[in-house]
Every structure is written in structure tokens, then in C-alpha cells.
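Down below is the structure, laid out as C-alpha cells.
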Amino acid sequence: MVNTEDLGDIEAVIQDEEDIKAPQCPHGPAVLFEVQCEGEKKGRRFYACSACRDRKDCNFFQWENEKVSEARLLAREQQNRSKLPPFTHEQYCTRFREFAGLPLDQKRFCVECQILLLPVEWEGHASHRVLSDITVSQLRRPSLLLSPLENKKSNAQYLFAERSCRFLLKVLSGLGFRKFLCVGTPRLHELIKVQSSENKSSDPMKSLLLDIDFRYSQFYGQDEFCHYNMFNHHFFNGEEASRVFLDFLTEDRSKVVMVADPPFGGLVKLLGHTFSKISETWRKQQEPGLGVSEMPMVWIFPYFFELRILECFPSFAMLDYQVDYDNHPLYKHGKSGRKQSPVRLFTNLCPKDIVLPKEEGYRFCAICERYVSAGNKHCSVCNACTSKNGTEWKHCSQCDKCVKSSWSHCSSCGYCALPNHQCGQTGCFNCGDRGHKLRACPKKGKKNLQQQQQKKKKKSKSGKAAPGTLNKSGNKTTGKHKRGKHSRGKK
């Protein structure tokens with residue numbers, strides 16, 4: 001089996017038309033990648049999972065134009081079926097209606113299985129940790145009930161803090177938006193649903209959640225939630241879910257905005273392609289002659305991805321607002337220095353219309369015509385408020401741009417860097433070659449292989465008997481051991 005990490009630098013291939021030949025993994029159609037680094041595999045293309053960078057989560061791999069045997073196709077089909085949710089969305093809705101009709105003392109939630117339990121299922125979960133007396137309030141805020149997914153390389157869930165969630169809803173509803181396409185933003189979806197049920201107005205807000213976490217199927221109807229992969233624009237429930245998505249964009253003429261909060265480890269190129277598809281679908285439904293080219297969008301992502309996002313959407317601007325999360329150890333509002341949240345709002349909405357809260361130190365720059373953080377000072381040379389991370393930057397006349405205040409210009413390197421940096425270290429940190437970066441290093445895979453071999457040698461020196469050798473009792477070892485912390489089973 002090929003390890004994608006051994007291929008070095010790879011690049012996602014975005015095709016003009018739908019790739020109907022793309023094979024399927026449990027996360028939908030695989031994405032085509034091309035090997036970029038020098039070597040015998042340069043230029044070769046292969047399919048891999050769109051959603052998971054860690055092969056432990058999804059090890060799908062297939063070379064382009066590779067002939068796959070019938071046995072392998074059958075095994076792949078069985079693997080895909082084994083990863084399906086235990087119930088269909090329709091069945092989940094039926095279960096929820098039955099659950100909602102139960103007395104309070106019979107409403108239970110299995111923490112280990114992450115599922116609402118019906119009385120006939122209690123016995124099967126007797127040894128599990130179970131929450132009792134699940135209230136209507138808890139059912140309305142399922143993100144507080146469900147355990148967040150934590151894999152940073154695939155579907156890590158960092159949930160908006162109440163501060164950020166309410167700010168987004170207040171600003172966007174104040175701009176006249178009544179419909180919200182929530183892509184990977186369950187907390188915002190919840191808040192909209194709660195406020196709409198509490199405030200019975202003649203012009204209620206509507207929301208549709210698109211998320212890869214199928215567990216939300218337990219709590220929302222088929223017109224409120226779609227099991228969705230934002231990295232390949234795949235609806236797991238097929239045409240039925242696609243129709244829900246299309247109807248949401250077209251059912252009335254209310255102003256609609258997309259708010260997306262993707263996993264930070266995701267490929268910007270794939271996300272940009274998906275969001276462009278959503279925008280194009282929306283644009284086709286608009287009345288001709290309006291001259292609208294893009295759907296109103298808010299993309300929430302760390303500021304250091306700014307250049308990549310602007311490559312996808314040149315009309316976007318990055319706002320200074322710091323988005324914070326309840327369950328992230330670092331991305332919190334109000335911290336100083338390097339501990340400030342780096343997550344920002346990227347949007348094609350007019351920046352001056354997004355009023356940032358003055359009580360948090362944000363102010364309006366009349367020259368830039370947008371709200372900026374307290375530490376973001378206007379540079380008369382650059383004619384812009386240049387800080388990206390919320391701290392005050394300084395202008396370097398030699399670099400002809402503003403840089404972080406902790407940086408100094410290095411005459412040897414010809415650019416600004418930290419005072420204690422290593423001069424000349426501008427290339428690869430793996431082999432030292434200045435002609436390429438670490439991710440494009442052709443020796444990267446070889447180094448990983450050497451590290452694995454060294455680990456095996458250390459294990460053999462630790463006194464563990466290799467398979468087929470005699471142990472102290474005189475019995476032949478098999479290499480198998482009881483389930484423990486090194487077992488492949490669940491921990």
C-alpha cells in the first residue's frame with residue numbers, strides 16, 4: 001500500500017467538469033492529486049480521500065487509470081457500506097418524534113454511543129455512561145450534548161463561543177439576511193432555530209445546516225440538516241438532499257448568506273472550489289439583469305491563509321474580528337500576544353457595513369473605511385491598516401512593507417525576521433537545499449522510512465521477542481498480544 005506522505009509535495013487537481021470516473025470512499029467521491037516533487041513519481045496522479053489527511057482515518061488510495069479488480073471493488077463497496085450511519089435520516093426523524101413523546105424520566109442519551117435512546121434499547125446500553133432526563137432545551141442545543149470530533153487532520157469540531165455566535169447573527173440579520181446556509185457551523189444553526197422559535201415574527205429567520213457529522217440527523221428534520229462533505233460538495237443522501245439544498249436557495253426571495261467554518265487542516269483549494277459551486281448554484285437562481293456575480297459569503301479561517309483564500313475569491317476582504325471557540329485551548333478572545341485567536345472573517349460583504357463591537361476595542365478607520373482592532377494602526381506609507389494578528393506592526397523601508405514589531409531587518413538575508421533567526425535558512429529544513437521547501441523535499445519519504453526502521457530496531461533491542469522465536473517458557477511466539485494501549489482495538 002502506498003503512503004501518500006512518501007510522495008512528498010502533492011497538489012489537488014481541480015477539473016473543469018464533474019469527474020464521473022472518480023472512485024468513492026466512505027466520504028464520497030475521492031479527489032485527484034498530482035505528485036509535484038522531483039523523482040520518478042513526479043507528475044503521477046492518484047485518488048485519495050477528500051476529507052481526511054490522516055490515512056488512519058481513511059486509507060483510500062488509487063492511482064489514476066489503475067485497473068481495479070472486481071474483488072477489490074467489492075471489498076471497497078462493503079467498506080463504504082460499513083461506514084454508513086446506523087439509521088437513515090428518515091429513520092432518525094421517526095425516532096426523534098417517538099423520543100420527544102416520552103416522559104422526562106424516560107428520555108436518555110448514551111454518551112458512549114452518542115445516540116438518543118428509546119426504552120427498548122436501554123438494556124443494550126446498560127454498561128454505558130448514560131445521561132437521563134434530557135430536556136427540550138438540551139434537544140434544541142445538540143452541540144452541547146454531543147461530544148466534539150477531535151481529529152485535527154479531518155473533521156475536528158471547534159464550536160463557536162456564545163460571543164462570536166451572537167455577534168455573527170446580530171450583524172448578518174442587521175444587514176437584512178433572513179436565510180442562513182450554515183456550512184460546518186452547528187452552533188449558529190442552533191441559535192437561529194432557538195431565536196426563531198422564541199420570537200414569533202412575520203419575517204422569521206431560516207437556516208439549513210450542511211455538516212459531515214451525521215449525528216445531527218437525530219435532532220433535525222430533512223429540511224433543516226443535510227449530511228454533507230464540504231471538501232467535495234457531496235451530499236450523502238443523494239438527490240433528495242441535493243433538492244433540499246436547492247429548494248433552500250430558491251424557495252423565496254429572502255436574502256441568503258452562506259457562513260462556513262471549515263476544519264483548519266483542510267485544503268483551501270478544495271474548499272474554494274466547493275464554495276464557488278455553491279455560489280454558482282445560487283447565482284443561476286437569481287433574476288436575470290440584477291448583475292449579481294457572487295453569493296454573499298462569510299468564510300471563517302485563520303488569518304495566515306489570507307493569500308490562498310484571496311486566490312480563490314479576489315473579491316474577499318479579511319476583517320479584524322477575532323473568532324473564538326468554546327473547546328479550543330488557544331483560540332480564545334481577550335488573550336494577548338501569541339495566544340490571541342488567529343481566526344478571522346473573510347467575506348465579500350462590504351467591510352464598512354460589518355460593525356465590530358467598540359466595547360471590545362475595535363474602532364473605525366475612516367481612511368480604510370473598515371473597522372479594525374485596537375492595535376492595528378494605519379500606516380501612512382502603505383496607506384492601510386496592515387496588522388494581521390491584532391498587534392501593532394511597524395513599517396520597514398527596506399522591505400517596503402509593514403512587519404511584526406518583534407522582527408528586525410537582516411542585511412544578510414535581505415528581509416525582516418526574528419533577531420535570533422538562523423541566517424540563510426530559507427530553503428528545506430529536511431535536507432538543507434535552498435531550492436525547495438520542506439513539503440516539496442524529495443528525501444522526505446526516505447527520512448520517514450529511516451525513522452520507522454530506527455524505531456523497529458529500538459523495539460527489538462528492548463527485549464521483545466520477534467514472531468516465531470522461543471520465549472522464556474520455551475513456546476513459540478506469534479507476534480500477537482492482548483489488547484492494551486498498543487492494540488488496534490478501541491482504547
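Here, A, B, ... name the chains of the C-alpha cells in the order displayed, residue numbers run from 1 inside each chain, and ligands are numbered from 1 in the same displayed order.
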List the neighbours of Val355 in chain A out to 10 Å using only C-alpha atoms; skip same-chain residues closer than 4 positions along the sequence, and give me the result as an mmCIF file with N, CA and C atoms, in the first residue's frame.
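Once written, out-v7.cif looks like this:
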data_model
loop_
_atom_site.group_PDB
_atom_site.id
_atom_site.type_symbol
_atom_site.label_atom_id
_atom_site.label_comp_id
_atom_site.auth_asym_id
_atom_site.auth_seq_id
_atom_site.Cartn_x
_atom_site.Cartn_y
_atom_site.Cartn_z
ATOM 1 N N PHE A 167 -22.598 37.545 17.823
ATOM 2 C CA PHE A 167 -22.110 38.655 17.004
ATOM 3 C C PHE A 167 -22.436 38.423 15.533
ATOM 4 N N VAL A 171 -25.008 40.851 13.378
ATOM 5 C CA VAL A 171 -24.516 41.642 12.250
ATOM 6 C C VAL A 171 -25.224 41.252 10.956
ATOM 7 N N TYR A 321 -12.052 41.033 13.130
ATOM 8 C CA TYR A 321 -12.777 40.392 14.228
ATOM 9 C C TYR A 321 -12.163 39.039 14.577
ATOM 10 N N PRO A 351 -16.858 45.719 3.836
ATOM 11 C CA PRO A 351 -16.245 45.756 5.174
ATOM 12 C C PRO A 351 -16.799 46.847 6.081
ATOM 13 N N TYR A 362 -12.501 47.543 19.147
ATOM 14 C CA TYR A 362 -12.481 47.780 17.698
ATOM 15 C C TYR A 362 -12.871 49.233 17.416
ATOM 16 N N ARG A 363 -12.285 49.797 16.385
ATOM 17 C CA ARG A 363 -12.564 51.189 16.006
ATOM 18 C C ARG A 363 -12.664 51.289 14.493
ATOM 19 N N PHE A 364 -13.248 52.395 14.034
ATOM 20 C CA PHE A 364 -13.430 52.590 12.591
ATOM 21 C C PHE A 364 -12.297 53.436 12.037
ATOM 22 N N ARG A 370 -13.135 50.770 7.200
ATOM 23 C CA ARG A 370 -13.485 49.492 7.812
ATOM 24 C C ARG A 370 -13.114 49.535 9.286
ATOM 25 N N TYR A 371 -13.718 48.620 10.054
ATOM 26 C CA TYR A 371 -13.403 48.523 11.474
ATOM 27 C C TYR A 371 -12.148 47.675 11.666
ATOM 28 N N VAL A 372 -11.271 48.114 12.568
ATOM 29 C CA VAL A 372 -10.010 47.418 12.821
ATOM 30 C C VAL A 372 -9.822 47.236 14.322
#
Problem - DSSP-assigned strand (DSSP E or B) among range 102-140 of chain A, expressed as number ranges by chain - result: A: 108-110, 115-117, 130-131
Exercise for the section: Tell me, as a VMD selection string, which residues lie within 12 Å of Leu168 in chain A, counting only C-alpha atoms; anything in the same chain fewer than 4 positions away does not count. Expected result: chain A and resid 160 to 164 172 to 175 177 180 182 185 187 to 189 191 to 192 257 to 260 298 to 300 321 to 324 344 to 345 354 to 357
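Taking CA of Thr347 in chain A and CA of Ser254 in chain A as endpoints, the distance between them is 19.3 Å.
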Practice task
May I have all residues of range 58-159 of chain A that DSSP, computed from the backbone, assigns to helix (DSSP H, G or I), given as a ChimeraX atom specification?
Solution key: /A:70-82,89-100,104-106,119-121,123-125,136-140,142-145
Handout entry: 12 Å contact set for Cys113 in chain A, only C-alpha atoms, chain neighbours under 3 positions out, as an MDAnalysis selection string
Key = chainID A and resid 85:86 108:110 116:117 121 124:131 146:147 215
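For the pair CA of Arg253 in chain A and CA of Trp282 in chain A, the separation is 11.4 Å.
Neighbours of range 100-102 of chain A closer than or equal to 12 Å, with only C-alpha atoms counted and sequence neighbours fewer than 2 positions away skipped, come out as Cys93, Thr94, Arg95, Phe96, Arg97, Glu98, Leu104, Asp105, Gln106, Lys107, Arg108, Leu116, Leu117, Leu118, Pro119, Asp133, Ile134, Thr135, Val136, Ser137, Gln138, Leu139, Arg140, Gln218 and Phe219 of chain A.
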The selected residues should be written to file as a short mmCIF file (atom, residue, chain, number, x, y, z; two decimals), in the first residue's frame (atoms: N, CA, C and O atoms).
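Contents of selection27.cif, as written:
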data_model
loop_
_atom_site.label_atom_id
_atom_site.label_comp_id
_atom_site.auth_asym_id
_atom_site.auth_seq_id
_atom_site.Cartn_x
_atom_site.Cartn_y
_atom_site.Cartn_z
N CYS A 93 -35.51 10.75 12.13
CA CYS A 93 -36.63 11.67 12.38
C CYS A 93 -37.78 10.94 13.08
O CYS A 93 -38.42 11.50 14.00
N THR A 94 -38.05 9.71 12.65
CA THR A 94 -39.10 8.91 13.29
C THR A 94 -38.75 8.63 14.74
O THR A 94 -39.60 8.73 15.64
N ARG A 95 -37.47 8.28 14.99
CA ARG A 95 -37.01 8.02 16.34
C ARG A 95 -37.13 9.28 17.21
O ARG A 95 -37.51 9.19 18.38
N PHE A 96 -36.81 10.45 16.64
CA PHE A 96 -36.87 11.69 17.41
C PHE A 96 -38.30 12.01 17.84
O PHE A 96 -38.54 12.44 18.98
N ARG A 97 -39.24 11.79 16.93
CA ARG A 97 -40.65 12.05 17.26
C ARG A 97 -41.10 11.13 18.40
O ARG A 97 -41.82 11.56 19.31
N GLU A 98 -40.67 9.88 18.36
CA GLU A 98 -41.02 8.94 19.42
C GLU A 98 -40.34 9.34 20.73
O GLU A 98 -40.95 9.29 21.80
N LEU A 104 -40.27 12.73 30.77
CA LEU A 104 -38.92 13.23 31.01
C LEU A 104 -38.00 12.17 31.61
O LEU A 104 -36.83 12.06 31.21
N ASP A 105 -38.52 11.36 32.54
CA ASP A 105 -37.66 10.36 33.21
C ASP A 105 -37.29 9.19 32.29
O ASP A 105 -36.51 8.32 32.68
N GLN A 106 -37.86 9.15 31.07
CA GLN A 106 -37.53 8.09 30.11
C GLN A 106 -36.68 8.60 28.94
O GLN A 106 -36.35 7.84 28.04
N LYS A 107 -36.34 9.87 29.01
CA LYS A 107 -35.53 10.45 27.94
C LYS A 107 -34.05 10.33 28.30
O LYS A 107 -33.56 11.02 29.20
N ARG A 108 -33.36 9.43 27.58
CA ARG A 108 -31.97 9.13 27.90
C ARG A 108 -31.08 9.26 26.66
O ARG A 108 -31.52 9.05 25.54
N LEU A 116 -29.59 9.12 21.01
CA LEU A 116 -30.79 9.20 21.84
C LEU A 116 -31.36 7.79 21.96
O LEU A 116 -31.50 7.08 20.96
N LEU A 117 -31.68 7.38 23.18
CA LEU A 117 -32.13 6.01 23.43
C LEU A 117 -33.64 5.92 23.60
O LEU A 117 -34.24 6.72 24.31
N LEU A 118 -34.21 4.93 22.95
CA LEU A 118 -35.61 4.58 23.17
C LEU A 118 -35.66 3.50 24.25
O LEU A 118 -34.68 2.76 24.44
N PRO A 119 -36.75 3.37 24.97
CA PRO A 119 -36.83 2.40 26.08
C PRO A 119 -36.43 0.97 25.71
O PRO A 119 -35.80 0.29 26.51
N ASP A 133 -33.02 12.24 31.88
CA ASP A 133 -33.85 13.45 31.96
C ASP A 133 -33.39 14.51 30.95
O ASP A 133 -33.10 15.66 31.30
N ILE A 134 -33.31 14.12 29.68
CA ILE A 134 -32.92 15.04 28.62
C ILE A 134 -34.05 16.03 28.37
O ILE A 134 -35.17 15.64 28.02
N THR A 135 -33.78 17.31 28.54
CA THR A 135 -34.81 18.35 28.44
C THR A 135 -34.98 18.85 27.01
O THR A 135 -34.14 18.58 26.14
N VAL A 136 -36.06 19.59 26.80
CA VAL A 136 -36.31 20.21 25.49
C VAL A 136 -35.19 21.19 25.15
O VAL A 136 -34.75 21.28 24.00
N SER A 137 -34.70 21.90 26.15
CA SER A 137 -33.60 22.85 25.95
C SER A 137 -32.35 22.15 25.43
O SER A 137 -31.66 22.65 24.54
N GLN A 138 -32.06 20.96 25.96
CA GLN A 138 -30.90 20.20 25.50
C GLN A 138 -31.09 19.71 24.07
O GLN A 138 -30.15 19.68 23.28
N LEU A 139 -32.30 19.32 23.73
CA LEU A 139 -32.59 18.85 22.37
C LEU A 139 -32.47 19.99 21.36
O LEU A 139 -32.15 19.76 20.20
N ARG A 140 -32.71 21.21 21.81
CA ARG A 140 -32.58 22.36 20.92
C ARG A 140 -31.13 22.78 20.72
O ARG A 140 -30.83 23.49 19.76
N GLN A 218 -30.12 13.14 14.15
CA GLN A 218 -31.01 12.75 15.24
C GLN A 218 -31.92 13.88 15.70
O GLN A 218 -32.99 13.65 16.25
N PHE A 219 -31.47 15.12 15.47
CA PHE A 219 -32.13 16.27 16.08
C PHE A 219 -32.86 17.18 15.08
O PHE A 219 -33.69 17.98 15.49
#
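Using only C-alpha atoms, the smallest distance between any of A:Leu159, A:Tyr92, A:Asn229, A:Pro26 and Gln78 in chain A comes from A:Pro26.
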Exercise for the section: Measuring atom to atom with only C-alpha atoms, identify which of A:Ala71, A:Ala48, A:Pro288, A:Pro29 is nearest to Glu11 in chain A. Expected result: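 Residue with the minimum atom-to-atom distance to Glu11 in chain A: A:Ala48.
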Exercise for the section: Tell me which of A:Ser197, A:Ser405, A:Ser397, A:Ser279 sits closest to Asn348 in chain A, counting only C-alpha atoms. Expected result: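 Of A:Ser197, A:Ser405, A:Ser397, A:Ser279, the one nearest Asn348 in chain A, counting only C-alpha atoms, is A:Ser279.
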